[in-house]
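*Asks:* What follows is the file entry39.txt, containing compact mmCIF, C-alpha atoms:
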```txt
# COMPACT_ATOMS: atom_id res chain seq x y z
CA MET A 1 6.62 11.65 -23.25
CA ASP A 2 8.59 14.76 -22.23
CA ARG A 3 10.62 12.68 -19.77
CA LEU A 4 11.37 10.02 -22.40
CA LEU A 5 12.54 12.65 -24.88
CA SER A 6 14.70 14.31 -22.24
CA ARG A 7 16.34 10.99 -21.34
CA ALA A 8 16.92 10.12 -24.98
CA SER A 9 18.51 13.50 -25.62
CA ALA A 10 20.78 13.10 -22.61
CA LEU A 11 21.99 9.68 -23.85
CA VAL A 12 23.26 11.19 -27.11
CA GLY A 13 24.81 14.22 -25.44
CA LEU A 14 21.99 16.64 -26.27
CA GLY A 15 20.60 16.91 -22.74
CA PRO A 16 19.15 20.21 -21.53
CA ALA A 17 21.44 22.76 -19.92
CA CYS A 18 19.03 22.97 -16.98
CA THR A 19 18.79 20.34 -14.20
CA PRO A 20 15.73 20.64 -11.90
CA SER A 21 15.64 19.40 -8.30
CA ILE A 22 13.03 19.48 -5.53
CA THR A 23 13.74 19.70 -1.80
CA ILE A 24 11.14 19.45 0.99
CA ALA A 25 11.35 22.13 3.69
CA ASP A 26 11.12 19.81 6.73
CA ALA A 27 12.78 16.74 5.20
CA GLU A 28 15.22 16.24 8.07
CA SER A 29 12.49 15.92 10.71
CA ARG A 30 10.12 13.72 8.70
CA LYS A 31 9.75 9.97 9.04
CA LYS A 32 11.07 8.01 6.09
CA VAL A 33 10.09 4.72 4.48
CA GLN A 34 11.85 2.30 2.14
CA VAL A 35 9.81 1.56 -0.99
CA MET A 36 10.55 -0.62 -4.01
CA LYS A 37 10.59 1.35 -7.28
CA ASP A 38 11.73 -0.06 -10.63
CA GLY A 39 13.36 -2.99 -8.85
CA ALA A 40 15.38 -0.89 -6.40
CA GLN A 41 14.87 0.43 -2.87
CA GLU A 42 14.02 4.12 -2.64
CA THR A 43 13.76 6.26 0.51
CA LEU A 44 10.63 8.44 0.58
CA LEU A 45 9.42 11.08 3.04
CA VAL A 46 6.21 10.23 4.94
CA PHE A 47 3.25 12.63 5.02
CA THR A 48 -0.20 12.41 6.60
CA ASP A 49 -3.51 13.71 5.33
CA LYS A 50 -3.34 17.32 6.53
CA ASP A 51 0.42 17.89 6.33
CA PRO A 52 1.40 20.84 4.11
CA VAL A 53 3.81 20.03 1.29
CA LYS A 54 6.25 22.88 0.88
CA GLY A 55 9.81 23.31 -0.20
CA GLU A 56 11.98 24.65 -2.96
CA VAL A 57 12.52 23.99 -6.65
CA VAL A 58 16.03 24.68 -7.95
CA LEU A 59 16.80 24.96 -11.65
CA LYS A 60 20.55 24.47 -11.91
CA MET A 61 22.02 25.91 -15.10
CA ASP A 62 25.23 24.78 -16.77
CA ALA A 63 27.78 27.60 -16.99
CA GLY A 64 27.46 29.65 -20.16
CA LYS A 65 24.21 27.96 -21.22
CA ARG A 66 20.73 29.37 -21.60
CA VAL A 67 17.24 27.89 -21.83
CA GLU A 68 14.27 29.67 -23.35
CA HIS A 69 10.94 28.63 -21.86
CA ILE A 70 7.27 29.57 -21.85
CA GLY A 71 6.74 28.96 -18.13
CA VAL A 72 7.86 26.99 -15.08
CA LYS A 73 5.35 25.17 -12.85
CA VAL A 74 5.24 22.65 -10.01
CA GLU A 75 2.35 20.22 -9.58
CA PHE A 76 1.17 18.06 -6.69
CA ILE A 77 -0.42 14.93 -8.14
CA GLY A 78 -2.26 11.96 -6.64
CA GLN A 79 -2.50 9.12 -9.13
CA ILE A 80 -3.77 5.55 -9.29
CA GLU A 81 -1.88 3.42 -11.79
CA MET A 82 -3.27 0.09 -12.94
CA PHE A 83 -0.54 -2.26 -14.09
CA TYR A 84 -2.51 -3.07 -17.24
CA GLY A 85 -2.10 0.52 -18.41
CA ASN A 86 -4.86 2.74 -17.05
CA MET A 87 -4.00 5.83 -14.99
CA HIS A 88 -6.35 8.03 -13.01
CA GLU A 89 -5.48 11.34 -11.33
CA PHE A 90 -7.60 12.10 -8.26
CA ILE A 91 -5.56 15.17 -7.23
CA ALA A 92 -3.92 17.68 -9.57
CA MET A 93 -2.84 21.03 -8.09
CA VAL A 94 -0.58 23.51 -9.88
CA ARG A 95 1.62 26.40 -8.76
CA ASP A 96 3.09 28.63 -11.48
CA LEU A 97 6.67 29.48 -10.56
CA ASP A 98 7.91 31.65 -13.44
CA ALA A 99 6.56 33.57 -16.40
CA PRO A 100 7.87 32.94 -19.95
CA GLY A 101 11.45 34.04 -20.37
CA GLU A 102 15.03 32.85 -20.50
CA LEU A 103 17.13 31.02 -17.90
CA THR A 104 20.81 32.01 -17.91
CA SER A 105 21.76 31.22 -14.29
CA THR A 106 20.60 28.95 -11.49
CA LYS A 107 17.25 29.98 -10.02
CA SER A 108 15.23 28.79 -7.03
CA TYR A 109 11.52 29.05 -6.30
CA ALA A 110 9.61 28.39 -3.07
CA PHE A 111 6.32 26.48 -3.26
CA ASP A 112 3.60 25.58 -0.79
CA PHE A 113 0.71 23.13 -1.17
CA GLU A 114 -0.96 23.84 2.15
CA ASN A 115 -4.48 22.45 1.96
CA VAL A 116 -4.13 19.19 0.04
CA ASP A 117 -6.60 16.45 0.89
CA LYS A 118 -4.44 13.31 0.93
CA GLN A 119 -7.26 11.04 2.06
CA TYR A 120 -5.85 7.80 0.60
CA ASP A 121 -2.72 5.97 1.69
CA SER A 122 0.11 5.40 -0.75
CA TYR A 123 0.08 1.79 -1.93
CA ASN A 124 2.32 -0.48 -4.01
CA GLY A 125 0.34 -3.57 -4.91
CA ILE A 126 0.38 -6.48 -7.30
CA ASN A 127 -1.76 -4.88 -10.01
CA VAL A 128 -2.25 -1.33 -8.77
CA LYS A 129 -0.18 1.52 -7.37
CA LEU A 130 -1.41 4.66 -5.62
CA ARG A 131 1.26 7.34 -5.59
CA TYR A 132 1.65 11.01 -4.67
CA PHE A 133 4.39 13.02 -6.30
CA LEU A 134 5.63 16.51 -7.09
CA ARG A 135 6.43 17.32 -10.71
CA VAL A 136 8.34 20.39 -11.87
CA THR A 137 8.10 21.26 -15.56
CA VAL A 138 10.07 23.79 -17.59
CA THR A 139 7.81 24.17 -20.61
CA ARG A 140 9.57 24.83 -23.91
CA GLN A 141 8.02 25.72 -27.24
CA TYR A 142 10.27 23.99 -29.74
CA SER A 143 12.15 21.48 -27.59
CA PRO A 144 11.09 18.71 -25.19
CA ASN A 145 9.93 19.97 -21.81
CA ILE A 146 12.35 19.56 -18.91
CA VAL A 147 10.60 17.45 -16.25
CA HIS A 148 11.58 16.17 -12.80
CA GLU A 149 9.46 14.20 -10.29
CA LEU A 150 9.76 13.50 -6.57
CA ASP A 151 7.63 10.78 -4.97
CA LEU A 152 6.13 11.19 -1.48
CA TRP A 153 4.62 8.48 0.75
CA VAL A 154 1.30 9.08 2.54
CA LYS A 155 0.22 7.19 5.67
CA ASN A 156 -2.94 8.07 7.54
CA VAL A 157 -3.67 7.13 11.14
CA ASN A 158 -7.14 5.66 11.73
CA GLN A 159 -9.38 5.99 14.73
CA ALA A 160 -9.82 2.87 16.84
CA PRO A 161 -13.06 0.99 16.09
CA PRO A 162 -15.71 1.24 18.84
CA PRO A 163 -15.69 -1.80 21.16
CA GLU A 164 -19.19 -2.81 20.10
CA MET A 165 -17.96 -2.99 16.50
CA ASN A 166 -14.95 -5.13 17.36
CA SER A 167 -16.46 -8.30 18.77
CA SER A 168 -14.76 -11.68 18.78
CA ILE A 169 -15.03 -14.15 15.90
CA LYS A 170 -16.44 -17.57 16.74
CA MET A 171 -17.31 -20.17 14.11
CA GLU A 172 -17.91 -23.89 13.82
CA VAL A 173 -16.81 -25.76 10.72
CA GLY A 174 -16.51 -29.39 9.77
CA ILE A 175 -17.17 -32.33 7.53
CA GLU A 176 -20.20 -34.41 8.48
CA ASP A 177 -19.31 -37.36 10.73
CA CYS A 178 -15.57 -36.81 10.07
CA LEU A 179 -14.38 -33.53 11.49
CA HIS A 180 -15.95 -30.85 13.64
CA ILE A 181 -13.90 -27.95 14.94
CA GLU A 182 -14.65 -24.61 16.53
CA PHE A 183 -12.30 -21.66 16.26
CA GLU A 184 -12.38 -18.38 18.09
CA TYR A 185 -10.34 -15.18 17.64
CA ASN A 186 -10.43 -12.45 20.27
CA ARG A 187 -11.35 -9.63 17.86
CA SER A 188 -12.37 -8.98 14.28
CA LYS A 189 -10.37 -5.74 13.87
CA TYR A 190 -6.65 -5.34 14.58
CA HIS A 191 -4.14 -2.53 14.29
CA LEU A 192 -0.96 -3.21 12.31
CA LYS A 193 1.15 -3.92 15.42
CA ASP A 194 -1.50 -5.94 17.22
CA VAL A 195 -1.54 -9.57 18.36
CA VAL A 196 -4.16 -12.04 17.17
CA ILE A 197 -5.12 -14.35 20.04
CA GLY A 198 -7.39 -17.31 19.58
CA LYS A 199 -8.13 -20.99 20.21
CA ILE A 200 -8.98 -23.97 18.06
CA TYR A 201 -11.27 -26.61 19.65
CA PHE A 202 -11.58 -30.14 18.22
CA LEU A 203 -15.09 -31.39 18.91
CA LEU A 204 -14.97 -34.43 16.59
CA VAL A 205 -11.89 -35.96 14.93
CA ARG A 206 -12.24 -39.00 12.69
CA LEU A 207 -9.67 -37.92 10.13
CA LYS A 208 -5.97 -38.62 10.53
CA ILE A 209 -4.74 -35.04 10.77
CA LYS A 210 -1.00 -34.64 10.16
CA HIS A 211 -0.60 -30.96 11.01
CA MET A 212 -2.42 -27.65 11.17
CA GLU A 213 -1.26 -24.21 10.03
CA ILE A 214 -2.58 -20.68 9.94
CA GLU A 215 -2.02 -18.18 7.11
CA ILE A 216 -2.47 -14.46 6.64
CA ARG A 217 -3.76 -13.95 3.12
CA LYS A 218 -4.09 -10.68 1.28
CA ARG A 219 -6.60 -10.20 -1.53
CA GLU A 220 -6.26 -7.25 -3.89
CA SER A 221 -9.29 -6.49 -6.08
CA THR A 222 -9.09 -4.09 -9.02
CA GLY A 223 -11.77 -2.90 -11.41
CA SER A 224 -15.48 -3.62 -11.06
CA GLY A 225 -18.29 -5.64 -12.60
CA SER A 226 -17.14 -7.86 -15.46
CA ASP A 227 -13.68 -6.23 -15.25
CA LEU A 228 -13.17 -7.19 -11.60
CA TYR A 229 -9.84 -8.95 -11.06
CA ASN A 230 -8.75 -10.55 -7.78
CA GLU A 231 -5.15 -11.35 -6.92
CA SER A 232 -4.27 -13.17 -3.69
CA GLU A 233 -0.95 -13.71 -1.95
CA THR A 234 0.07 -15.45 1.25
CA ILE A 235 1.81 -12.95 3.54
CA THR A 236 2.93 -15.62 6.01
CA LYS A 237 2.04 -19.07 7.26
CA PHE A 238 3.18 -21.07 10.22
CA GLU A 239 2.43 -24.39 11.83
CA ILE A 240 0.37 -24.29 15.02
CA MET A 241 0.04 -28.05 15.55
CA ASP A 242 2.10 -31.07 14.55
CA GLY A 243 0.54 -34.49 14.97
CA ALA A 244 -2.96 -35.88 15.28
CA PRO A 245 -5.37 -34.02 17.58
CA VAL A 246 -7.81 -35.80 19.83
CA ARG A 247 -11.37 -34.97 20.71
CA ALA A 248 -11.77 -32.04 23.12
CA GLU A 249 -8.21 -30.86 22.48
CA SER A 250 -7.65 -27.10 22.42
CA VAL A 251 -4.84 -25.46 20.42
CA PRO A 252 -3.89 -21.86 21.28
CA VAL A 253 -3.16 -19.27 18.56
CA ARG A 254 -0.95 -16.23 19.11
CA LEU A 255 0.07 -14.27 16.01
CA PHE A 256 2.12 -11.05 16.20
CA LEU A 257 1.27 -8.82 13.23
CA SER A 258 4.13 -6.33 13.64
CA GLY A 259 6.66 -8.56 11.89
CA PHE A 260 4.86 -8.59 8.54
CA ASP A 261 4.51 -6.19 5.62
CA LEU A 262 0.84 -5.31 6.07
CA THR A 263 -1.29 -2.35 5.06
CA PRO A 264 -4.64 -1.28 6.50
CA THR A 265 -7.74 -2.79 4.94
CA TYR A 266 -8.76 -0.60 1.98
CA ARG A 267 -12.34 -0.69 0.73
CA ASN A 268 -13.17 0.65 -2.73
CA VAL A 269 -10.43 3.29 -2.90
CA ASN A 270 -11.66 5.96 -5.33
CA ASN A 271 -13.86 3.23 -6.89
CA LYS A 272 -10.69 1.63 -8.28
CA PHE A 273 -9.40 -1.06 -5.89
CA SER A 274 -9.78 -2.79 -2.52
CA VAL A 275 -7.37 -4.67 -0.24
CA LYS A 276 -8.66 -7.21 2.27
CA TYR A 277 -6.98 -9.58 4.71
CA TYR A 278 -7.98 -13.06 5.87
CA LEU A 279 -6.93 -15.56 8.50
CA ASN A 280 -6.87 -18.94 6.80
CA LEU A 281 -6.92 -22.07 8.96
CA VAL A 282 -5.52 -25.11 7.10
CA LEU A 283 -5.60 -28.75 8.22
CA VAL A 284 -3.59 -31.37 6.32
CA ASP A 285 -4.35 -35.09 6.67
CA GLU A 286 -2.00 -38.04 6.19
CA GLU A 287 -2.94 -38.23 2.51
CA ASP A 288 -1.98 -34.55 2.10
CA ARG A 289 -5.55 -33.46 1.53
CA ARG A 290 -6.10 -29.92 2.74
CA TYR A 291 -9.14 -28.63 4.61
CA PHE A 292 -9.38 -24.92 5.25
CA LYS A 293 -11.62 -22.19 6.58
CA GLN A 294 -11.08 -18.53 5.80
CA GLN A 295 -12.18 -15.58 7.93
CA GLU A 296 -11.84 -11.91 7.00
CA ILE A 297 -10.24 -9.54 9.51
CA THR A 298 -10.03 -5.74 9.33
CA LEU A 299 -6.64 -4.06 9.75
CA TRP A 300 -6.16 -0.39 10.68
CA ARG A 301 -3.23 1.91 11.41
CA LYS A 302 -2.95 3.09 14.99
CA GLU A 303 0.29 5.06 14.66
CA LEU A 304 2.92 5.96 12.07
```
If you took the structure in this file and wrote it as structure tokens, what would it be?

*Replies:*
Amino acid sequence: MDRLLSRASALVGLGPACTPSITIADAESRKKVQVMKDGAQETLLVFTDKDPVKGEVVLKMDAGKRVEHIGVKVEFIGQIEMFYGNMHEFIAMVRDLDAPGELTSTKSYAFDFENVDKQYDSYNGINVKLRYFLRVTVTRQYSPNIVHELDLWVKNVNQAPPPEMNSSIKMEVGIEDCLHIEFEYNRSKYHLKDVVIGKIYFLLVRLKIKHMEIEIRKRESTGSGSDLYNESETITKFEIMDGAPVRAESVPVRLFLSGFDLTPTYRNVNNKFSVKYYLNLVLVDEEDRRYFKQQEITLWRKEL
């Protein structure tokens, strides 16, 4: 509400005489990421779980102006936003920067959020967003507060799964007396720049198959119980076979994950949402009927 009032005041020429800004101390050396926000690309600094967040808040004053306030503070906030309106803060840390008084000239304040547990990755989804941001507030008694926010992007590196927990996937599927295939993928867990290697074996083919394709599908689940809502999207699909297969034919699969916009698999993040990925094998016959088999895979981040 404070931000809306401030923007409205500025549009009619009644904007505050104070303009806040936030700079991060090690911004030049940090990795950066391009993120869509309000329909436009925005460049954000990347942080990991244990990185300190420190920098400087500057309150730039217009010449000859003054602003009375009852305190200046900066907050570090972790927030999950559901696109149907609900918001949930899972981190809220505050640093008081100035006591009540009057601003007559530009002032700067150092801040340091050293031990902040950023256990969840930032995420921009279909129906949910997980964001971390800094918010500086100049609190005023009789006028709208002056507020400025700076978004940060958090990526956490995961440990590699133990070999015994990353076995190959092998399944047989089919339609009785019509189609019997066996597919095998080399692993069940992949890092984001990995390569999926597999084979498709045709054990029985009595359908006139026109082509075969493989898809990476992402399923985002929000809420729980009766309020659970699933939203799926196809990240990519490509044809791995064109023409009718014959019995005993083997079709190789090689899928490079690094070229796609993927996140790690997220399971029940703060009891609010999950993100899962699937390999979907699709066969299309000459009458354009589609036969498919879906297999979940786990994705993890090996490096930033």

*Asks:* From the list A:Lys237, A:Arg140, A:Lys118, A:His191, which residue is nearest Gly78 in chain A when using all atoms listed in the file?

*Replies:*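 When distances to Gly78 in chain A are compared using all atoms listed in the file, the smallest one comes from A:Lys118.
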
*Asks:* Considering only C-alpha atoms, return as an NGL selection string whatever protein or nucleic-acid residues lie within 7 Å of Thr265 in chain A, sequence-local ones (same chain, fewer than 3 positions apart) excluded.

*Replies:* :A and (275-277 or 298-300)

*Asks:* Just to confirm, what's the straight-line distance from CA of Val33 in chain A to CA of Thr234 in chain A in Å (one decimal)?

*Replies:* 22.8 Å

*Asks:* Can you list, as a list in words, every protein, DNA or RNA residue that comes within 12 Å of Gly101 in chain A when you count only C-alpha atoms, leaving out same-chain residues fewer than 4 positions away?

*Replies:* Arg66, Val67, Glu68, His69, Ile70, Gly71, Val72, Leu97, Val138, Thr139, Arg140 and Gln141 of chain A

*Asks:* Find the spatial neighbours of Ser224 in chain A, counting all atoms listed in the file, within a cut-off of 12 Å - ignore same-chain residues fewer than 6 positions away - and output them as a PyMOL selection string.

*Replies:* chain A and resi 230+268-274

*Asks:* Those residues you just picked out, can you put them in a file as an mmCIF file, in the coordinates of the input with C-alpha atoms?

*Replies:*
```
data_model
loop_
_atom_site.group_PDB
_atom_site.id
_atom_site.type_symbol
_atom_site.label_atom_id
_atom_site.label_comp_id
_atom_site.auth_asym_id
_atom_site.auth_seq_id
_atom_site.Cartn_x
_atom_site.Cartn_y
_atom_site.Cartn_z
ATOM 1 C CA ASN A 230 -8.750 -10.550 -7.780
ATOM 2 C CA ASN A 268 -13.170 0.650 -2.730
ATOM 3 C CA VAL A 269 -10.430 3.290 -2.900
ATOM 4 C CA ASN A 270 -11.660 5.960 -5.330
ATOM 5 C CA ASN A 271 -13.860 3.230 -6.890
ATOM 6 C CA LYS A 272 -10.690 1.630 -8.280
ATOM 7 C CA PHE A 273 -9.400 -1.060 -5.890
ATOM 8 C CA SER A 274 -9.780 -2.790 -2.520
#
```

*Asks:* Which residues, protein or nucleic acid, reach to within 12 Å of (-12.0, -16.6, 7.1) in the file's coordinates when using only C-alpha atoms, and can you give that as a PyMOL selection string?

*Replies:* chain A and resi 169-173+183-185+188+214-218+276-282+292-298

*Asks:* For Phe83 in chain A, which of A:Glu149, A:Asp38, A:Ser258, A:Asn127 is the closest residue, counting only C-alpha atoms?

*Replies:*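 Selected residue with least distance to Phe83 in chain A: A:Asn127.
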
*Asks:* Pick the closest to Arg206 in chain A from A:Asp194, A:Ser226, A:Glu89, A:Arg247: which is it, counting all atoms listed in the file?

*Replies:*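 Result for the nearest residue to Arg206 in chain A: A:Arg247.
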
*Asks:* Applying 7 Å and only C-alpha atoms, which residues near range 41-46 of chain A remain after dropping the ones on its own chain fewer than 4 positions away? List them as a ChimeraX atom specification.

*Replies:* /A:27,30-37,151-155

*Asks:* I'd like the neighbourhood of Lys73 in chain A as JSON, numbers by chain, where a residue qualifies if any of its atoms comes within 6 Å (using all atoms listed in the file), though same-chain residues fewer than 5 positions away should be ignored.

*Replies:* {"A": [95, 96, 97, 136, 137]}

*Asks:* Those selected residues, please, written with C-alpha atoms and delivered as a short mmCIF file (atom, residue, chain, number, x, y, z; two decimals), in the frame of the given file.

*Replies:*
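Written out: result-v3.cif:
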```cif
data_model
loop_
_atom_site.label_atom_id
_atom_site.label_comp_id
_atom_site.auth_asym_id
_atom_site.auth_seq_id
_atom_site.Cartn_x
_atom_site.Cartn_y
_atom_site.Cartn_z
CA ARG A 95 1.62 26.40 -8.76
CA ASP A 96 3.09 28.63 -11.48
CA LEU A 97 6.67 29.48 -10.56
CA VAL A 136 8.34 20.39 -11.87
CA THR A 137 8.10 21.26 -15.56
#
```

*Asks:* From the set A:Ile146, A:Leu204, A:Leu283, A:Leu134, which residue has the shortest atom-to-atom contact distance to Glu182 in chain A, counting only C-alpha atoms?

*Replies:*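 Smallest distance to Glu182 in chain A is found for A:Leu204.
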
*Asks:* Measuring between all atoms listed in the file, which one of A:Val157, A:Met212, A:Leu150, A:Val196 shows the shortest distance to Leu255 in chain A?

*Replies:*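 Checking each candidate against Leu255 in chain A, we get A:Val196 as the closest.
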
*Asks:* Go through A:Ser21, A:Ser221, A:Thr48, A:Asn145 one by one, measure the shortest atom-to-atom distance of each to Ser122 in chain A using all atoms listed in the file, and give the residue with the smallest value.

*Replies:*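 Using all atoms listed in the file, Ser122 in chain A sits closest to A:Thr48.
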
*Asks:* Can you work out the spacing between CA of Asp49 in chain A and CA of Lys302 in chain A in Å, to one decimal?

*Replies:*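 Distance between the two atoms: 14.4 Å.
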
*Asks:* Just the number, please: distance in Å from CA of Pro144 in chain A to CA of Phe76 in chain A, one decimal.

*Replies:*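 Separation of CA of Pro144 in chain A and CA of Phe76 in chain A: 21.0 Å.
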
*Asks:* At a cut-off of 9 Å around the point (-12.9, -4.4, 18.3) (file coordinates), what residues fall inside when counting only C-alpha atoms? I'd like the answer as number ranges by chain.

*Replies:* A: 160-168, 186-190
